[in-house]
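Right, one structure below, let's go through it.
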Amino acid sequence: MESVAQQEQVIDGATLKLRFRRAERRKRYGALLPVLPLLLFIIITFLFPVGEMLLRSIDNKKVPNVLQMSAPLLQQWDASGDALPDDAVYEALLQDFVAGAKDKTITAVGQRLNYEVSGVSSLFRKTARRAKKIEWADAAEAREAMLKIDAKWADVNIWRGIQRFSSATTAGYFLAATDYRYNPAVQEYQKNPEGIYISLFGRTLFISLVITLLTLLLGYPVSFLLSNLPSKAANLLIIFVLLPFWTSLLVRTTSWIVLLQKEGVINDTLVALGIVGDGNRLEIIHNQTGTIVAMTHILLPFMILPLYSVMKTISPYHMRAARSLGANAFTAFRRVYFPQTIPGIGAGVILVFILAIGYYITPELVGGAEGTFISNRIAYHVRSSLNWGLAAALGAMLLVVVLVLYWCYDKIVGVDNMKLG
């Protein structure tokens with residue numbers, strides 16, 4: 001009887017533990033339900049677009065999907081020598097041209113390959129127009145027909161380029177984003193002397209850092225003043241800080257164009273005061289200066305608000321205690337007050353820098369050739385050149401740069417020291 005009672009006790013204990021685990025599981029699921037819509041929103045509007053961008057930066061399925069017959073044969077061709085592909089490859093490519101011309105997809109392949117090998121786009125368009133009218137009996141006739149359409153089909157460099165970029169994935173977009181270009185003559189990537197992307201990345205980082213530093217230098221004393229004023233006066237001045245948020249970004253940027261241009265308000269004032277001559281008006285727009293001035297004004301509230309929210313929580317008695325213990329005003333500020341504002345500085349610096357590095361409208365309008373960012377080039381490839389793969393590669397590299405800088409910030413300052421209030 002005793003062993004039966006012990007067994008029942010064990011069973012009851014196991015059942016109790018199982019019920020407890022189920023209850024805890026239901027509790028966790030119940031806590032997850034309220035945040036599930038937000039989680040789905042982040043996945044749909046952030047993670048999914050970022051993932052799509054990363055995939056597009058290496059995606060090259062368009063080429064093998066259209067060149068279904070010739071791409072596998074080209075992968076077997078030895079491109080190290082000067083010999084052209086055999087007749088079977090010519091025939092397979094001609095068949096792909098006939099099918100692609102009917103589906104109107106072959107010209108898109110030519111445009112894609114033209115990013116890597118110049119002249120392929122026009123060659124594909126010309127061949128696609130005439131391929132529909134060609135009849136051939138065997139592979140040799142197909143070869144002769146293609147050479148008759150255009151003598152470039154006897155150029156081994158064209159075939160090398162098609163072979164190089166006929167796989168489903170490619171690193172070509174990332175290499176182009178780092179100013180490298182494929183040279184089919186030597187069958188390797190070489191530095192593009194006309195490349196601009198690395199310099200654009202450097203310019204974007206430099207101007208963003210300058211803007212961040214300027215907003216910190218301008219925003220810190222303003223936040224200090226706001227936090228030490230009486231509430232009534234502080235609330236009134238906070239309205240002026242928030243006022244730019246109630247004005248369109250385009251209107252603010254256009255206002256700076258009026259102020260900074262050669263015949264603008266600032267130059268007219270300097271000429272009227274005799275500081276500069278009428279023929280020596282300052283060039284402060286359509287360059288880096290214009291971008292820095294306009295963006296510093298636009299992003300300044302994003303530095304002031306985190307600083308103010310942290311400074312408002314610092315007790316004024318800390319400074320008074322330091323002064324009463326013999327410290328002068330500067331020492332009390334440096335050793336007592338300033339360290340307590342580091343969380344606000346960290347939040348403001350991260351917020352302003354990340355906003356600045358991806359800005360588009362203001363550099364586009366006031367930056368000119370010297371003050372544009374990498375974001376403006378990304379927009380160009382999305383809207384004008386339609387090279388979405390290169391745009392995605394540039395965007396992915398910009399994302400990596402931001403993440404690396406954020407990691408460095410965490411190691412040097414510490415994310416735990418960042419506070420918004």
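Residue numbering restarts at 1 in every chain; chains get A, B, ... in the order shown in the structure tokens, and ligands count up from 1 in that same order.
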
Q.
Can you pull out every residue from region 31-145 of chain A that DSSP, working from the backbone, puts in alpha helix (DSSP H), and format the result as a ChimeraX atom specification?
A. /A:31-32,36-42,48-56,62-66,70-75,87-103,106-114,120-131,139-145

Go ahead and dump the residues you just picked, C-alpha atoms, as a tab-separated table (two decimals), in the first residue's frame.
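Done, and the output landed in part.tsv:
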```
chain	number	residue	atom	x	y	z
A	31	ALA	CA	2.31	38.48	-22.98
A	32	LEU	CA	3.40	38.18	-26.62
A	36	LEU	CA	2.50	40.84	-31.98
A	37	PRO	CA	1.05	43.59	-34.25
A	38	LEU	CA	4.17	45.72	-33.65
A	39	LEU	CA	6.41	42.71	-34.36
A	40	LEU	CA	4.57	42.02	-37.61
A	41	PHE	CA	4.80	45.71	-38.55
A	42	ILE	CA	8.60	45.68	-38.03
A	48	PHE	CA	11.48	42.28	-45.27
A	49	PRO	CA	12.60	45.35	-47.32
A	50	VAL	CA	16.15	45.09	-45.95
A	51	GLY	CA	16.26	41.38	-46.77
A	52	GLU	CA	14.90	42.05	-50.25
A	53	MET	CA	17.59	44.69	-50.76
A	54	LEU	CA	20.35	42.30	-49.69
A	55	LEU	CA	19.05	39.59	-52.03
A	56	ARG	CA	18.73	41.99	-54.96
A	62	LYS	CA	17.42	37.23	-64.98
A	63	VAL	CA	20.37	36.14	-67.15
A	64	PRO	CA	20.22	32.31	-66.72
A	65	ASN	CA	16.40	32.38	-66.81
A	66	VAL	CA	16.43	33.97	-70.28
A	70	SER	CA	23.21	28.83	-73.87
A	71	ALA	CA	24.14	29.61	-70.24
A	72	PRO	CA	24.81	25.95	-69.23
A	73	LEU	CA	26.91	25.40	-72.35
A	74	LEU	CA	28.87	28.59	-71.74
A	75	GLN	CA	29.76	27.43	-68.23
A	87	ASP	CA	28.98	26.05	-82.97
A	88	ALA	CA	26.59	24.44	-80.45
A	89	VAL	CA	26.91	27.48	-78.18
A	90	TYR	CA	26.14	29.84	-81.06
A	91	GLU	CA	23.06	27.82	-81.97
A	92	ALA	CA	21.86	27.68	-78.34
A	93	LEU	CA	22.28	31.43	-77.95
A	94	LEU	CA	20.45	32.09	-81.22
A	95	GLN	CA	17.57	29.94	-79.95
A	96	ASP	CA	17.55	31.97	-76.74
A	97	PHE	CA	17.43	35.16	-78.80
A	98	VAL	CA	14.41	33.92	-80.76
A	99	ALA	CA	12.56	32.93	-77.58
A	100	GLY	CA	13.62	36.09	-75.74
A	101	ALA	CA	12.60	38.37	-78.58
A	102	LYS	CA	9.16	36.77	-78.59
A	103	ASP	CA	8.82	37.23	-74.80
A	106	ILE	CA	16.26	39.45	-74.11
A	107	THR	CA	16.87	43.22	-74.18
A	108	ALA	CA	16.69	43.32	-70.37
A	109	VAL	CA	19.48	40.73	-70.29
A	110	GLY	CA	21.54	42.87	-72.64
A	111	GLN	CA	21.03	45.88	-70.40
A	112	ARG	CA	22.13	43.85	-67.35
A	113	LEU	CA	25.28	42.57	-69.09
A	114	ASN	CA	26.06	46.06	-70.38
A	120	VAL	CA	26.50	44.38	-75.06
A	121	SER	CA	23.15	46.17	-74.79
A	122	SER	CA	23.18	47.49	-78.36
A	123	LEU	CA	24.51	44.15	-79.62
A	124	PHE	CA	21.65	42.27	-77.94
A	125	ARG	CA	19.02	44.69	-79.31
A	126	LYS	CA	20.38	44.40	-82.85
A	127	THR	CA	20.59	40.61	-82.70
A	128	ALA	CA	17.11	40.29	-81.16
A	129	ARG	CA	15.55	42.32	-83.99
A	130	ARG	CA	17.06	40.12	-86.71
A	131	ALA	CA	17.02	36.73	-84.98
A	139	ALA	CA	24.80	24.71	-85.68
A	140	ALA	CA	27.29	25.85	-88.32
A	141	GLU	CA	24.61	27.86	-90.13
A	142	ALA	CA	23.52	29.39	-86.80
A	143	ARG	CA	27.08	30.53	-86.19
A	144	GLU	CA	27.36	32.08	-89.64
A	145	ALA	CA	23.99	33.79	-89.19
```

Q. Pick from A:Arg252, A:Arg335, A:Arg281, A:His297: nearest to Arg323 (chain A), with only C-alpha atoms counted?
A.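 Ranked by minimum distance to Arg323 (chain A), first place goes to A:Arg335.
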
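Among the candidates A:Ala233, A:Leu225, A:Met146, A:Ile378, the residue lying nearest to Leu390 (chain A) is A:Ile378 (atoms considered: only C-alpha atoms).
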
Counting only C-alpha atoms, which residues of region 199-254 of chain A sit at most 10 Å from some atom of region 339-363 of chain A, and what is each one's closest atom pair with its distance in Å to one decimal, listed by chain and rising residue number, as JSON lines?
```
{"residue": "A:Phe201", "atom": "CA", "partner": "A:Ile357", "partner_atom": "CA", "distance": 9.4}
{"residue": "A:Arg203", "atom": "CA", "partner": "A:Ile357", "partner_atom": "CA", "distance": 9.9}
{"residue": "A:Thr204", "atom": "CA", "partner": "A:Ile357", "partner_atom": "CA", "distance": 6.2}
{"residue": "A:Leu205", "atom": "CA", "partner": "A:Ile357", "partner_atom": "CA", "distance": 6.7}
{"residue": "A:Phe206", "atom": "CA", "partner": "A:Ile357", "partner_atom": "CA", "distance": 9.4}
{"residue": "A:Ile207", "atom": "CA", "partner": "A:Ile357", "partner_atom": "CA", "distance": 8.3}
{"residue": "A:Ser208", "atom": "CA", "partner": "A:Ala356", "partner_atom": "CA", "distance": 5.4}
{"residue": "A:Leu209", "atom": "CA", "partner": "A:Phe353", "partner_atom": "CA", "distance": 6.7}
{"residue": "A:Val210", "atom": "CA", "partner": "A:Phe353", "partner_atom": "CA", "distance": 9.3}
{"residue": "A:Ile211", "atom": "CA", "partner": "A:Ala356", "partner_atom": "CA", "distance": 7.6}
{"residue": "A:Thr212", "atom": "CA", "partner": "A:Phe353", "partner_atom": "CA", "distance": 5.7}
{"residue": "A:Leu213", "atom": "CA", "partner": "A:Val349", "partner_atom": "CA", "distance": 8.0}
{"residue": "A:Thr215", "atom": "CA", "partner": "A:Val352", "partner_atom": "CA", "distance": 8.1}
{"residue": "A:Leu216", "atom": "CA", "partner": "A:Val349", "partner_atom": "CA", "distance": 7.4}
{"residue": "A:Gly219", "atom": "CA", "partner": "A:Gly348", "partner_atom": "CA", "distance": 9.4}
{"residue": "A:Tyr220", "atom": "CA", "partner": "A:Ile345", "partner_atom": "CA", "distance": 8.5}
{"residue": "A:Phe224", "atom": "CA", "partner": "A:Thr341", "partner_atom": "CA", "distance": 9.9}
{"residue": "A:Leu249", "atom": "CA", "partner": "A:Thr362", "partner_atom": "CA", "distance": 8.3}
{"residue": "A:Leu250", "atom": "CA", "partner": "A:Ile361", "partner_atom": "CA", "distance": 7.7}
{"residue": "A:Arg252", "atom": "CA", "partner": "A:Thr362", "partner_atom": "CA", "distance": 9.2}
{"residue": "A:Thr253", "atom": "CA", "partner": "A:Thr362", "partner_atom": "CA", "distance": 6.1}
{"residue": "A:Thr254", "atom": "CA", "partner": "A:Thr362", "partner_atom": "CA", "distance": 8.9}
```
